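A.B. asks: Pasting my_file-v3.cif here (mmCIF, C-alpha atoms):
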data_final
loop_
_atom_site.group_PDB
_atom_site.id
_atom_site.type_symbol
_atom_site.label_atom_id
_atom_site.label_comp_id
_atom_site.auth_asym_id
_atom_site.auth_seq_id
_atom_site.Cartn_x
_atom_site.Cartn_y
_atom_site.Cartn_z
ATOM 1 C CA MET A 13 -19.609 -18.835 -10.154
ATOM 2 C CA THR A 14 -17.382 -16.967 -7.720
ATOM 3 C CA VAL A 15 -13.873 -18.342 -7.212
ATOM 4 C CA ARG A 16 -12.102 -17.669 -3.910
ATOM 5 C CA VAL A 17 -8.367 -17.309 -4.491
ATOM 6 C CA LEU A 18 -5.599 -17.252 -1.904
ATOM 7 C CA LEU A 19 -2.467 -15.654 -3.391
ATOM 8 C CA ALA A 20 1.022 -15.447 -1.928
ATOM 9 C CA GLY A 21 3.709 -13.405 -3.644
ATOM 10 C CA GLY A 22 1.322 -10.785 -4.974
ATOM 11 C CA THR A 23 3.884 -7.988 -4.725
ATOM 12 C CA GLY A 24 6.413 -9.663 -7.042
ATOM 13 C CA LEU A 25 6.725 -9.414 -10.813
ATOM 14 C CA VAL A 26 4.261 -12.140 -11.823
ATOM 15 C CA GLY A 27 2.154 -11.880 -8.675
ATOM 16 C CA GLY A 28 1.613 -8.154 -9.104
ATOM 17 C CA LEU A 29 0.453 -8.588 -12.689
ATOM 18 C CA LEU A 30 -1.814 -11.457 -11.674
ATOM 19 C CA THR A 31 -3.305 -9.378 -8.857
ATOM 20 C CA GLY A 32 -4.277 -6.663 -11.324
ATOM 21 C CA ARG A 33 -5.941 -9.165 -13.627
ATOM 22 C CA LEU A 34 -7.915 -10.831 -10.846
ATOM 23 C CA LEU A 35 -9.077 -7.541 -9.318
ATOM 24 C CA ALA A 36 -10.503 -6.550 -12.710
ATOM 25 C CA ARG A 37 -12.812 -9.561 -12.641
ATOM 26 C CA GLY A 38 -16.159 -9.664 -10.934
ATOM 27 C CA ASP A 39 -16.161 -13.397 -10.278
ATOM 28 C CA VAL A 40 -13.017 -13.636 -8.121
ATOM 29 C CA VAL A 41 -12.702 -13.012 -4.393
ATOM 30 C CA LEU A 42 -8.993 -12.440 -3.817
ATOM 31 C CA THR A 43 -7.063 -12.695 -0.581
ATOM 32 C CA SER A 44 -3.429 -11.719 -1.019
ATOM 33 C CA LEU A 45 -0.972 -12.609 1.749
ATOM 34 C CA VAL A 46 1.660 -9.886 2.186
ATOM 35 C CA ARG A 47 3.873 -8.649 4.994
ATOM 36 C CA SER A 48 2.695 -5.020 4.759
ATOM 37 C CA PRO A 49 -0.868 -4.617 3.421
ATOM 38 C CA ARG A 50 -1.612 -1.569 1.281
ATOM 39 C CA ARG A 51 -4.906 -2.562 -0.315
ATOM 40 C CA ALA A 52 -8.220 -3.945 0.911
ATOM 41 C CA GLU A 53 -7.692 -7.401 -0.578
ATOM 42 C CA GLU A 54 -4.296 -7.776 1.116
ATOM 43 C CA SER A 55 -3.998 -9.567 4.464
ATOM 44 C CA ALA A 56 -1.012 -9.107 6.765
ATOM 45 C CA ILE A 57 0.843 -12.356 7.299
ATOM 46 C CA ASP A 58 3.842 -13.381 9.339
ATOM 47 C CA PHE A 59 5.368 -16.011 7.079
ATOM 48 C CA GLU A 60 7.434 -17.421 9.933
ATOM 49 C CA ALA A 61 4.257 -17.971 11.947
ATOM 50 C CA LEU A 62 2.584 -19.428 8.875
ATOM 51 C CA ALA A 63 5.466 -21.855 8.373
ATOM 52 C CA ALA A 64 5.262 -22.901 12.025
ATOM 53 C CA ASP A 65 1.487 -23.425 11.969
ATOM 54 C CA PRO A 66 -0.158 -23.113 8.535
ATOM 55 C CA VAL A 67 -3.587 -23.961 9.919
ATOM 56 C CA GLU A 68 -3.794 -21.412 12.738
ATOM 57 C CA ALA A 69 -1.702 -18.519 11.382
ATOM 58 C CA PHE A 70 -4.177 -17.729 8.616
ATOM 59 C CA GLY A 71 -7.874 -16.880 9.002
ATOM 60 C CA SER A 72 -10.808 -19.218 8.581
ATOM 61 C CA GLU A 73 -12.091 -17.924 5.228
ATOM 62 C CA PRO A 74 -12.745 -20.764 2.760
ATOM 63 C CA VAL A 75 -10.533 -21.036 -0.320
ATOM 64 C CA ASP A 76 -11.128 -22.662 -3.711
ATOM 65 C CA VAL A 77 -7.708 -22.160 -5.308
ATOM 66 C CA GLY A 78 -4.301 -21.453 -3.817
ATOM 67 C CA VAL A 79 -1.617 -19.683 -5.849
ATOM 68 C CA SER A 80 2.029 -19.189 -4.933
ATOM 69 C CA CYS A 81 4.159 -16.686 -6.813
ATOM 70 C CA LEU A 82 6.679 -16.571 -3.977
ATOM 71 C CA GLY A 83 10.306 -16.464 -4.964
ATOM 72 C CA THR A 84 13.585 -14.778 -4.192
ATOM 73 C CA THR A 85 17.274 -15.169 -5.002
ATOM 74 C CA ILE A 86 20.124 -16.388 -2.845
ATOM 75 C CA ARG A 87 21.670 -12.932 -3.092
ATOM 76 C CA ALA A 88 18.495 -11.173 -1.948
ATOM 77 C CA ALA A 89 17.804 -13.727 0.783
ATOM 78 C CA GLY A 90 21.347 -13.497 2.109
ATOM 79 C CA SER A 91 22.140 -17.201 2.325
ATOM 80 C CA GLN A 92 21.189 -20.577 0.913
ATOM 81 C CA ALA A 93 19.284 -21.393 4.094
ATOM 82 C CA ALA A 94 17.251 -18.191 3.879
ATOM 83 C CA PHE A 95 16.552 -18.832 0.202
ATOM 84 C CA ARG A 96 15.253 -22.324 0.978
ATOM 85 C CA ARG A 97 13.095 -20.848 3.736
ATOM 86 C CA VAL A 98 11.266 -18.656 1.230
ATOM 87 C CA ASP A 99 11.201 -20.800 -1.898
ATOM 88 C CA ARG A 100 10.379 -24.085 -0.210
ATOM 89 C CA ASP A 101 9.194 -23.667 3.383
ATOM 90 C CA TYR A 102 6.999 -20.604 2.871
ATOM 91 C CA VAL A 103 5.584 -22.042 -0.343
ATOM 92 C CA LEU A 104 4.609 -25.272 1.400
ATOM 93 C CA ALA A 105 3.143 -23.324 4.323
ATOM 94 C CA VAL A 106 0.902 -21.396 1.930
ATOM 95 C CA ALA A 107 -0.135 -24.628 0.223
ATOM 96 C CA ARG A 108 -0.974 -26.254 3.561
ATOM 97 C CA ALA A 109 -2.956 -23.185 4.635
ATOM 98 C CA ALA A 110 -4.934 -23.258 1.394
ATOM 99 C CA ARG A 111 -5.575 -26.984 1.746
ATOM 100 C CA ALA A 112 -6.744 -26.533 5.332
ATOM 101 C CA ARG A 113 -9.254 -23.930 4.118
ATOM 102 C CA GLY A 114 -10.741 -26.335 1.591
ATOM 103 C CA ALA A 115 -8.763 -25.571 -1.573
ATOM 104 C CA ARG A 116 -8.813 -28.427 -4.059
ATOM 105 C CA ARG A 117 -6.538 -26.747 -6.582
ATOM 106 C CA PHE A 118 -3.115 -25.159 -6.297
ATOM 107 C CA VAL A 119 -0.994 -23.250 -8.802
ATOM 108 C CA LEU A 120 2.738 -22.988 -8.106
ATOM 109 C CA VAL A 121 5.080 -20.723 -10.036
ATOM 110 C CA THR A 122 8.407 -22.513 -10.029
ATOM 111 C CA SER A 123 11.155 -22.591 -12.688
ATOM 112 C CA VAL A 124 12.229 -24.410 -15.795
ATOM 113 C CA GLY A 125 14.634 -27.170 -14.773
ATOM 114 C CA ALA A 126 13.161 -27.559 -11.285
ATOM 115 C CA GLY A 127 14.652 -30.598 -9.573
ATOM 116 C CA ALA A 128 18.057 -30.361 -11.252
ATOM 117 C CA ARG A 129 21.314 -30.640 -9.337
ATOM 118 C CA SER A 130 22.013 -26.949 -8.805
ATOM 119 C CA PHE A 131 20.980 -25.700 -5.372
ATOM 120 C CA TYR A 132 18.500 -23.170 -6.756
ATOM 121 C CA LEU A 133 16.682 -25.665 -8.964
ATOM 122 C CA ARG A 134 16.866 -28.423 -6.364
ATOM 123 C CA VAL A 135 14.975 -26.212 -3.897
ATOM 124 C CA LYS A 136 12.379 -25.450 -6.569
ATOM 125 C CA GLY A 137 11.994 -29.186 -7.113
ATOM 126 C CA GLU A 138 11.597 -29.812 -3.384
ATOM 127 C CA ALA A 139 8.754 -27.290 -3.302
ATOM 128 C CA GLU A 140 7.056 -29.026 -6.225
ATOM 129 C CA VAL A 141 7.320 -32.445 -4.583
ATOM 130 C CA GLY A 142 5.945 -31.066 -1.330
ATOM 131 C CA VAL A 143 2.930 -29.455 -2.977
ATOM 132 C CA ARG A 144 2.154 -32.588 -4.980
ATOM 133 C CA ALA A 145 2.062 -34.616 -1.765
ATOM 134 C CA LEU A 146 -0.612 -32.483 -0.068
ATOM 135 C CA GLY A 147 -3.587 -34.140 -1.720
ATOM 136 C CA PHE A 148 -4.900 -31.373 -3.960
ATOM 137 C CA GLN A 149 -7.333 -32.523 -6.627
ATOM 138 C CA ARG A 150 -5.403 -30.507 -9.189
ATOM 139 C CA VAL A 151 -1.876 -29.088 -9.134
ATOM 140 C CA ASP A 152 -0.490 -26.810 -11.842
ATOM 141 C CA LEU A 153 3.288 -26.384 -11.893
ATOM 142 C CA VAL A 154 4.179 -23.258 -13.846
ATOM 143 C CA ARG A 155 7.763 -23.490 -15.130
ATOM 144 C CA PRO A 156 8.606 -20.415 -17.207
ATOM 145 C CA GLY A 157 12.012 -19.643 -18.640
ATOM 146 C CA LEU A 158 13.694 -16.298 -18.047
ATOM 147 C CA LEU A 159 11.039 -13.778 -17.035
ATOM 148 C CA LEU A 160 10.831 -10.500 -18.913
ATOM 149 C CA GLY A 161 9.528 -7.485 -17.026
ATOM 150 C CA GLU A 162 10.410 -4.688 -14.633
ATOM 151 C CA ARG A 163 10.935 -5.787 -11.052
ATOM 152 C CA ALA A 164 10.846 -3.508 -8.035
ATOM 153 C CA GLU A 165 14.044 -5.165 -6.802
ATOM 154 C CA ARG A 166 17.348 -5.191 -8.650
ATOM 155 C CA ARG A 167 18.569 -8.480 -10.101
ATOM 156 C CA PRO A 168 21.705 -7.649 -12.136
ATOM 157 C CA GLY A 169 22.192 -11.182 -13.440
ATOM 158 C CA GLU A 170 18.616 -11.373 -14.647
ATOM 159 C CA ARG A 171 18.868 -7.962 -16.296
ATOM 160 C CA LEU A 172 21.939 -9.078 -18.261
ATOM 161 C CA ALA A 173 20.168 -12.266 -19.355
ATOM 162 C CA GLN A 174 17.195 -10.197 -20.529
ATOM 163 C CA ARG A 175 19.486 -8.134 -22.746
ATOM 164 C CA LEU A 176 20.973 -11.274 -24.282
ATOM 165 C CA ALA A 177 17.614 -13.007 -24.770
ATOM 166 C CA PRO A 178 16.774 -11.489 -28.200
ATOM 167 C CA PHE A 179 20.013 -12.920 -29.584
ATOM 168 C CA LEU A 180 19.829 -16.341 -27.899
ATOM 169 C CA ASP A 181 16.115 -17.163 -28.039
ATOM 170 C CA PRO A 182 16.017 -17.801 -31.837
ATOM 171 C CA LEU A 183 18.531 -20.603 -31.272
ATOM 172 C CA LEU A 184 16.345 -22.356 -28.705
ATOM 173 C CA LEU A 185 14.291 -24.683 -30.885
ATOM 174 C CA GLY A 186 12.151 -27.696 -30.012
ATOM 175 C CA ARG A 187 12.411 -28.710 -26.367
ATOM 176 C CA LEU A 188 15.002 -25.982 -25.818
ATOM 177 C CA ASP A 189 12.198 -23.433 -26.219
ATOM 178 C CA ARG A 190 11.367 -23.934 -22.552
ATOM 179 C CA TYR A 191 14.588 -22.092 -21.668
ATOM 180 C CA ALA A 192 13.707 -19.024 -23.741
ATOM 181 C CA ALA A 193 12.648 -15.720 -22.226
ATOM 182 C CA LEU A 194 8.944 -15.219 -21.565
ATOM 183 C CA PRO A 195 7.101 -11.990 -20.684
ATOM 184 C CA ALA A 196 5.776 -11.971 -17.132
ATOM 185 C CA THR A 197 2.501 -10.699 -18.578
ATOM 186 C CA THR A 198 2.144 -13.999 -20.444
ATOM 187 C CA VAL A 199 2.735 -15.995 -17.265
ATOM 188 C CA ALA A 200 0.169 -13.944 -15.338
ATOM 189 C CA ALA A 201 -2.428 -14.400 -18.087
ATOM 190 C CA ALA A 202 -1.769 -18.145 -18.132
ATOM 191 C CA ILE A 203 -2.206 -18.431 -14.363
ATOM 192 C CA GLU A 204 -5.480 -16.534 -14.586
ATOM 193 C CA ARG A 205 -6.705 -19.209 -16.984
ATOM 194 C CA LEU A 206 -5.442 -22.017 -14.766
ATOM 195 C CA ILE A 207 -7.384 -20.671 -11.807
ATOM 196 C CA GLY A 208 -10.541 -21.656 -13.668
ATOM 197 C CA ALA A 209 -9.311 -25.097 -14.766
ATOM 198 C CA ALA A 210 -11.023 -27.977 -12.980
ATOM 199 C CA ALA A 211 -9.847 -31.243 -14.585
ATOM 200 C CA PRO A 212 -8.061 -33.266 -11.881
ATOM 201 C CA GLY A 213 -4.407 -34.196 -12.164
ATOM 202 C CA ILE A 214 -0.899 -32.801 -11.992
ATOM 203 C CA TYR A 215 0.036 -30.548 -14.885
ATOM 204 C CA VAL A 216 3.420 -29.101 -15.814
ATOM 205 C CA HIS A 217 3.425 -25.984 -17.981
ATOM 206 C CA HIS A 218 6.537 -24.794 -19.796
ATOM 207 C CA ASN A 219 6.808 -21.809 -22.122
ATOM 208 C CA ARG A 220 4.869 -23.376 -24.982
ATOM 209 C CA GLU A 221 1.934 -24.353 -22.771
ATOM 210 C CA LEU A 222 1.976 -20.988 -21.010
ATOM 211 C CA ARG A 223 1.767 -19.105 -24.302
ATOM 212 C CA ALA A 224 -1.154 -21.279 -25.381
ATOM 213 C CA LEU A 225 -2.950 -20.681 -22.097
ATOM 214 C CA ALA A 226 -2.411 -16.938 -22.301
ATOM 215 C CA ASP A 227 -3.797 -16.935 -25.851
ATOM 216 C CA GLY A 228 -6.846 -18.933 -24.789
ATOM 217 C CA ARG A 229 -5.870 -21.946 -26.898
ATOM 218 C CA HIS A 230 -5.369 -24.411 -24.074
ATOM 219 C CA ALA A 231 -7.196 -24.925 -20.796
ATOM 220 C CA GLY A 232 -4.746 -27.287 -19.105
#
Using structure tokens, write down the structure from this file.

C.D. replies:
Amino acid sequence: MTVRVLLAGGTGLVGGLLTGRLLARGDVVLTSLVRSPRRAEESAIDFEALAADPVEAFGSEPVDVGVSCLGTTIRAAGSQAAFRRVDRDYVLAVARAARARGARRFVLVTSVGAGARSFYLRVKGEAEVGVRALGFQRVDLVRPGLLLGERAERRPGERLAQRLAPFLDPLLLGRLDRYAALPATTVAAAIERLIGAAAPGIYVHHNRELRALADGRHAG
């Protein structure tokens, strides 16, 4: 059965890896929303227009599953307000657009600790709450720890954390494992599995669940 996937954030670390995996499959029709299309499956999108009118700004093609890998940093965005615009408002606009096109399932890449008091994690939590309220039959909240992989953009703080991860991760036992570093390839493989999951409900996936999904040991 063909699955029609609407993806936002396909040029980022996880999104780019996921795009490659989905394009290699013959049972997925992928529409990737990007600002500057370079490939046939990519559709130009004005995210400001999408945020203003999620129903009209995107085409009429039906969608089965929506996926958001959108994310930035306060430093890259330039301000807290601009960060919230991307990590909450744009995410919710994509979710609303997918829902309007018939999607019953949505996968959101967020962060471990989403909903905590820090501004960054509070915004992530706001995005999660917003997506959960849209009436999807199934919502998968992907909450990885520190992502390992090569980004196109520079994130000095993340790079330093990646260098420290091999020394700190062995100390993160039990529930603390969710804060450990996780390869972006593992997250992408897990999301690919989640795209095919149909059981209704709201599911939260931390590192342990994401590893199991990527290894084919857990279907969510």

A.B. asks: Run through the PyMOL selection byres ((chain A and resi 153) around 12) on the given coordinates and return the selected residues as JSON, numbers by chain.

C.D. replies: {"A": [79, 80, 81, 117, 118, 119, 120, 121, 122, 123, 124, 125, 126, 136, 137, 139, 140, 141, 142, 143, 144, 150, 151, 152, 154, 155, 156, 199, 202, 203, 206, 213, 214, 215, 216, 217, 218, 219, 221, 222, 232]}

A.B. asks: Mind giving me the straight-line distance from atom CA of Thr23 of chain A to atom CA of Arg47 of chain A in Å, one decimal?

C.D. replies: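 Between atom CA of Thr23 of chain A and atom CA of Arg47 of chain A the gap is 9.7 Å.
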
A.B. asks: What is the atom CA of Gln149 of chain A to atom CA of Arg37 of chain A distance in Å?

C.D. replies: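 Atom CA of Arg37 of chain A lies at a distance of 24.4 Å from atom CA of Gln149 of chain A.
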
A.B. asks: So how far away is atom CA of Glu138 of chain A from atom CA of Gly71 of chain A, in Å?

C.D. replies: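 Between atom CA of Gly71 of chain A and atom CA of Glu138 of chain A the gap is 26.5 Å.
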
A.B. asks: Counting only C-alpha atoms, what is within 9 Å of Val26 of chain A, bar same-chain residues fewer than 3 positions away, as a list in words?

C.D. replies: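 The residues satisfying every condition are Gly21, Gly22, Thr23, Leu29, Leu30, Thr31, Cys81, Val121, Leu159, Gly161, Ala196, Thr197, Val199 and Ala200 of chain A.
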
A.B. asks: My list of candidates is A:Pro195, A:Tyr132, A:Gly38, A:Leu62. Which is closest to Arg87 of chain A when distances are computed with all atoms listed in the file?

C.D. replies: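 The answer is A:Tyr132, which sits nearest to Arg87 of chain A.
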
A.B. asks: I'd like to know which of A:Ser44, A:Ala94, A:Asp101, A:Gly83 is closest to Phe59 of chain A, using all atoms listed in the file.

C.D. replies: A:Asp101
